[in-house]
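Trainee: Let me begin by handing over the structure; questions about it come next.
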Amino acid sequence: MNINIDTSQELGNVESILTDETKRKKVVSNSFIHRLQRKHFILFQILPFLLTLVFLPLIPYLPFGKFEIFLFVLFWLITGFGVSSGYHRLFTHRSYKTHDAVQVILAICGAMAGQGGVISWSALHRRHHELSDKLGDPHSPNLQGSSWLGRLRGLVHSHVTWMYKHEYPSVVHYVPDLIKNKTLLKVDRYYYLWAALGFVLPTLLGGLYHWSLAGALAGFIWGGVLRILWGGHTIWSINSFLHCFGMKRFQTEEYSHNFALIALFTFGESWHNNHHAFPASASFGLEWYRLDPGYWFIQLLEVFHLAWDVKVPTTEKIQSRELNA
């Protein structure tokens, strides 16, 4: 899954520096964009890790109980469904349709995960599918050589370091449908506000519940810092490990794999080989018994008539693509 993760600031800022010639290119690479990428990398990848190291010794002295676990799980679910059911399946792959209000909510929830704005995220992921495990793939682990050192470098690159600096996919080329959505553009331009909200809300809730600064700090740690660290690494594992290890159900042009054991923790994203075989499918598990919370959420929206035109391949089409067919 791409998962990410882009680092641009406002879409308007990035697009304002593109000339007519560069807009015709598929990717853009310049110092302005790389500064934004480094800024985002430090804020949402490095800083949460450093804050975790700082706060770990304080945890025994802060409130900890069912409420802190609740905050961690609540904001992990909010942001996880925002990324999986929103950023990935709705905006990137258009696997279902929904109302404008639901789109706004999903875009905000996805932004709270700190993985970049919805426009850039979607553009990056579409480029990933276009060039998966080939030259130009933003986060392939398979382009650093076949030696053990090359494989290790590839895993580190695809899991984390690619976010520090990479070519920026032209949103004009990759997501023309999304940049026509004025409401989505407005939401995207406030990305840093929504990302900050992912820290502010659990901090406020923790403070109000315990009515203390210590409670607020506990909420910030569990619902903000640890949640974003956990959520990020589980999703990034799709980019890295699942393009190297796991099971292949379908023959695809890249090295995607399935890994059932982490399906729940990744909102169903670990059915990655299934997804590359049928990228337009809202269901990544493809069968009911393959755990896919991201699809369950879409089905729930469908029950309440908040989602429609949900795309899932037929049983015959699935069987015709299987390796043992």
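We name chains A, B, ... following the order of the structure tokens; residues begin at 1 in each chain, and ligands are numbered from 1 as shown.
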As a ChimeraX atom specification, please: every residue in region 55-161 of chain A that a backbone DSSP assignment puts in helix (DSSP H, G or I).
Mentor: /A:55-61,66-92,100-111,118-130,148-159,161
Trainee: Check region 21-204 of chain A with DSSP on the backbone and list each residue it calls strand (DSSP E or B), as a ChimeraX atom specification.
Mentor: /A:27-28,97-98,168-169
Trainee: Keeping only N, CA and C atoms, write those residues as an mmCIF file, in the first residue's frame.
Mentor:
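Ended up saving to selection_35.cif:
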data_model
loop_
_atom_site.group_PDB
_atom_site.id
_atom_site.type_symbol
_atom_site.label_atom_id
_atom_site.label_comp_id
_atom_site.auth_asym_id
_atom_site.auth_seq_id
_atom_site.Cartn_x
_atom_site.Cartn_y
_atom_site.Cartn_z
ATOM 1 N N VAL A 27 6.714 13.563 -12.633
ATOM 2 C CA VAL A 27 7.254 13.847 -11.307
ATOM 3 C C VAL A 27 8.008 15.168 -11.319
ATOM 4 N N VAL A 28 8.116 15.763 -10.141
ATOM 5 C CA VAL A 28 8.836 17.013 -9.969
ATOM 6 C C VAL A 28 9.815 16.821 -8.825
ATOM 7 N N LYS A 97 -18.395 4.835 -3.917
ATOM 8 C CA LYS A 97 -18.808 6.232 -3.919
ATOM 9 C C LYS A 97 -19.490 6.555 -2.596
ATOM 10 N N THR A 98 -19.402 7.812 -2.210
ATOM 11 C CA THR A 98 -20.045 8.243 -0.980
ATOM 12 C C THR A 98 -20.370 9.726 -1.060
ATOM 13 N N TYR A 168 8.394 14.068 -6.380
ATOM 14 C CA TYR A 168 6.991 14.381 -6.081
ATOM 15 C C TYR A 168 6.145 14.136 -7.326
ATOM 16 N N PRO A 169 5.196 13.202 -7.262
ATOM 17 C CA PRO A 169 4.376 12.920 -8.444
ATOM 18 C C PRO A 169 3.453 14.098 -8.764
#
Trainee: Do a neighbour search on Trp162 (chain A) at 9 Å with only C-alpha atoms, toss out local chain neighbours closer than 6 positions, and write the hits as number ranges by chain.
Mentor: A: 138-139, 156
Trainee: For the selection just defined, write its residues with N, CA and C atoms to a file, as a PDB file, in the first residue's frame.
Mentor:
ATOM      1  N   PRO A 138       8.135   4.878  -5.728  1.00  0.00           N
ATOM      2  CA  PRO A 138       8.650   5.708  -4.627  1.00  0.00           C
ATOM      3  C   PRO A 138       9.240   4.903  -3.475  1.00  0.00           C
ATOM      4  N   HIS A 139       8.717   3.685  -3.241  1.00  0.00           N
ATOM      5  CA  HIS A 139       9.142   2.977  -2.030  1.00  0.00           C
ATOM      6  C   HIS A 139       9.267   1.467  -2.223  1.00  0.00           C
ATOM      7  N   VAL A 156      14.960  -0.895   4.577  1.00  0.00           N
ATOM      8  CA  VAL A 156      15.025   0.359   5.343  1.00  0.00           C
ATOM      9  C   VAL A 156      14.503   1.516   4.500  1.00  0.00           C
TER      10      VAL A 156
END
Trainee: Under the rule that only C-alpha atoms are counted, which of A:Tyr174, A:Phe32, A:Phe297, A:Tyr87 is the nearest residue to His129 (chain A)?
Mentor: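 Of A:Tyr174, A:Phe32, A:Phe297, A:Tyr87, the one nearest His129 (chain A) is A:Tyr174, counting only C-alpha atoms.
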Trainee: Hey, which bits of region 216-265 of chain A sit within 12 Å of region 51-74 of chain A, and for each residue what's the closest pair of atoms and how far apart in Å (one decimal), counting only C-alpha atoms, rows by chain and increasing number, as JSON lines?
Mentor:
{"residue": "A:Ala216", "atom": "CA", "partner": "A:Pro63", "partner_atom": "CA", "distance": 9.3}
{"residue": "A:Leu217", "atom": "CA", "partner": "A:Leu62", "partner_atom": "CA", "distance": 7.8}
{"residue": "A:Ala218", "atom": "CA", "partner": "A:Leu62", "partner_atom": "CA", "distance": 6.1}
{"residue": "A:Gly219", "atom": "CA", "partner": "A:Glu68", "partner_atom": "CA", "distance": 6.4}
{"residue": "A:Phe220", "atom": "CA", "partner": "A:Leu71", "partner_atom": "CA", "distance": 9.3}
{"residue": "A:Ile221", "atom": "CA", "partner": "A:Phe55", "partner_atom": "CA", "distance": 7.4}
{"residue": "A:Trp222", "atom": "CA", "partner": "A:Phe72", "partner_atom": "CA", "distance": 5.2}
{"residue": "A:Gly223", "atom": "CA", "partner": "A:Phe72", "partner_atom": "CA", "distance": 4.3}
{"residue": "A:Gly224", "atom": "CA", "partner": "A:Phe72", "partner_atom": "CA", "distance": 7.6}
{"residue": "A:Val225", "atom": "CA", "partner": "A:Thr52", "partner_atom": "CA", "distance": 6.8}
{"residue": "A:Leu226", "atom": "CA", "partner": "A:Thr52", "partner_atom": "CA", "distance": 6.8}
{"residue": "A:Arg227", "atom": "CA", "partner": "A:Phe72", "partner_atom": "CA", "distance": 5.7}
{"residue": "A:Ile228", "atom": "CA", "partner": "A:Phe72", "partner_atom": "CA", "distance": 9.3}
{"residue": "A:Leu229", "atom": "CA", "partner": "A:Thr52", "partner_atom": "CA", "distance": 8.6}
{"residue": "A:Trp230", "atom": "CA", "partner": "A:Phe72", "partner_atom": "CA", "distance": 9.7}
{"residue": "A:Gly231", "atom": "CA", "partner": "A:Phe72", "partner_atom": "CA", "distance": 10.2}
{"residue": "A:Phe265", "atom": "CA", "partner": "A:Val73", "partner_atom": "CA", "distance": 11.0}
Trainee: Let's have the selection written as a JSON list (two decimals), in the first residue's frame, with N, CA and C atoms.
Mentor:
[["chain", "number", "residue", "atom", "x", "y", "z"],
["A", 216, "ALA", "N", -3.64, 14.99, 30.94],
["A", 216, "ALA", "CA", -3.51, 15.52, 29.58],
["A", 216, "ALA", "C", -2.25, 14.98, 28.92],
["A", 217, "LEU", "N", -1.16, 14.92, 29.67],
["A", 217, "LEU", "CA", 0.09, 14.38, 29.13],
["A", 217, "LEU", "C", -0.06, 12.91, 28.80],
["A", 218, "ALA", "N", -0.75, 12.16, 29.64],
["A", 218, "ALA", "CA", -0.99, 10.74, 29.36],
["A", 218, "ALA", "C", -1.81, 10.58, 28.08],
["A", 219, "GLY", "N", -2.81, 11.44, 27.90],
["A", 219, "GLY", "CA", -3.61, 11.39, 26.67],
["A", 219, "GLY", "C", -2.78, 11.71, 25.45],
["A", 220, "PHE", "N", -1.89, 12.70, 25.58],
["A", 220, "PHE", "CA", -1.00, 13.07, 24.48],
["A", 220, "PHE", "C", -0.09, 11.91, 24.10],
["A", 221, "ILE", "N", 0.42, 11.22, 25.11],
["A", 221, "ILE", "CA", 1.34, 10.11, 24.85],
["A", 221, "ILE", "C", 0.62, 8.94, 24.20],
["A", 222, "TRP", "N", -0.48, 8.49, 24.81],
["A", 222, "TRP", "CA", -1.14, 7.27, 24.35],
["A", 222, "TRP", "C", -2.00, 7.50, 23.11],
["A", 223, "GLY", "N", -2.78, 8.54, 23.09],
["A", 223, "GLY", "CA", -3.65, 8.79, 21.95],
["A", 223, "GLY", "C", -2.98, 9.52, 20.82],
["A", 224, "GLY", "N", -1.81, 10.13, 21.10],
["A", 224, "GLY", "CA", -1.10, 10.89, 20.08],
["A", 224, "GLY", "C", 0.20, 10.24, 19.65],
["A", 225, "VAL", "N", 1.21, 10.30, 20.52],
["A", 225, "VAL", "CA", 2.57, 9.89, 20.13],
["A", 225, "VAL", "C", 2.66, 8.40, 19.86],
["A", 226, "LEU", "N", 2.27, 7.56, 20.83],
["A", 226, "LEU", "CA", 2.39, 6.11, 20.64],
["A", 226, "LEU", "C", 1.45, 5.62, 19.55],
["A", 227, "ARG", "N", 0.28, 6.23, 19.46],
["A", 227, "ARG", "CA", -0.67, 5.84, 18.42],
["A", 227, "ARG", "C", -0.14, 6.12, 17.02],
["A", 228, "ILE", "N", 0.46, 7.28, 16.82],
["A", 228, "ILE", "CA", 0.95, 7.62, 15.48],
["A", 228, "ILE", "C", 2.17, 6.77, 15.13],
["A", 229, "LEU", "N", 2.97, 6.43, 16.14],
["A", 229, "LEU", "CA", 4.13, 5.58, 15.91],
["A", 229, "LEU", "C", 3.69, 4.17, 15.52],
["A", 230, "TRP", "N", 2.75, 3.61, 16.25],
["A", 230, "TRP", "CA", 2.23, 2.27, 15.96],
["A", 230, "TRP", "C", 1.52, 2.25, 14.62],
["A", 231, "GLY", "N", 0.63, 3.20, 14.40],
["A", 231, "GLY", "CA", -0.13, 3.24, 13.15],
["A", 231, "GLY", "C", 0.75, 3.40, 11.94],
["A", 265, "PHE", "N", -4.47, -5.82, 12.29],
["A", 265, "PHE", "CA", -3.66, -4.68, 12.71],
["A", 265, "PHE", "C", -3.43, -3.68, 11.58]]
Trainee: Using only C-alpha atoms, find the one residue out of A:His210, A:His34, A:Arg89, A:Lys165 that sits nearest to Arg126 (chain A).
Mentor: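 Using only C-alpha atoms, Arg126 (chain A) sits closest to A:Arg89.
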Trainee: Which polymer residues have any atom within 12 Å of an atom of Lys317 (chain A), counting only C-alpha atoms, with same-chain residues fewer than 6 positions away left out, as a VMD selection string?
Mentor: chain A and resid 250 277 to 278 281 286 325
Trainee: List the neighbours of region 257-261 of chain A out to 6 Å using only C-alpha atoms; skip same-chain residues closer than 2 positions along the sequence, and give me the result as a list of chain:residue names.
Mentor: A:Leu242, A:Gly246, A:Met247, A:Lys248, A:Ala263, A:Ser270, A:Trp271, A:His272, A:Asn273
Trainee: Can you pull out every residue within 8 Å of Val187 (chain A), counting only C-alpha atoms, but drop anything in the same chain fewer than 5 positions away, and send it as a short mmCIF file (atom, residue, chain, number, x, y, z; two decimals) with all heavy atoms, in the first residue's frame?
Mentor:
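Saved file around11.cif follows:
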data_model
loop_
_atom_site.label_atom_id
_atom_site.label_comp_id
_atom_site.auth_asym_id
_atom_site.auth_seq_id
_atom_site.Cartn_x
_atom_site.Cartn_y
_atom_site.Cartn_z
N VAL A 104 -15.30 14.28 3.33
CA VAL A 104 -14.61 15.25 4.18
C VAL A 104 -14.16 14.61 5.48
O VAL A 104 -13.00 14.77 5.92
CB VAL A 104 -15.51 16.47 4.46
CG1 VAL A 104 -14.90 17.35 5.55
CG2 VAL A 104 -15.71 17.29 3.19
N ALA A 107 -11.30 12.19 4.85
CA ALA A 107 -10.06 12.90 4.53
C ALA A 107 -9.44 13.50 5.78
O ALA A 107 -8.21 13.46 5.95
CB ALA A 107 -10.35 13.99 3.50
N ILE A 108 -10.25 14.03 6.67
CA ILE A 108 -9.73 14.60 7.92
C ILE A 108 -9.17 13.50 8.81
O ILE A 108 -8.08 13.64 9.39
CB ILE A 108 -10.83 15.39 8.65
CG1 ILE A 108 -11.16 16.66 7.87
CG2 ILE A 108 -10.40 15.74 10.07
CD1 ILE A 108 -12.35 17.44 8.42
#
Trainee: Kindly indicate which residue among A:Ala123, A:Ala195, A:Ala101, A:Ala111 lies nearest to His173 (chain A), using only C-alpha atoms for the distances.
Mentor: A:Ala123
Trainee: Give me the residues near Gly117 (chain A) as a PyMOL selection string, where near means some atom within 7 Å (using only C-alpha atoms) and where sequence neighbours in that chain fewer than 2 positions away do not count.
Mentor: chain A and resi 111+119-121+188+191
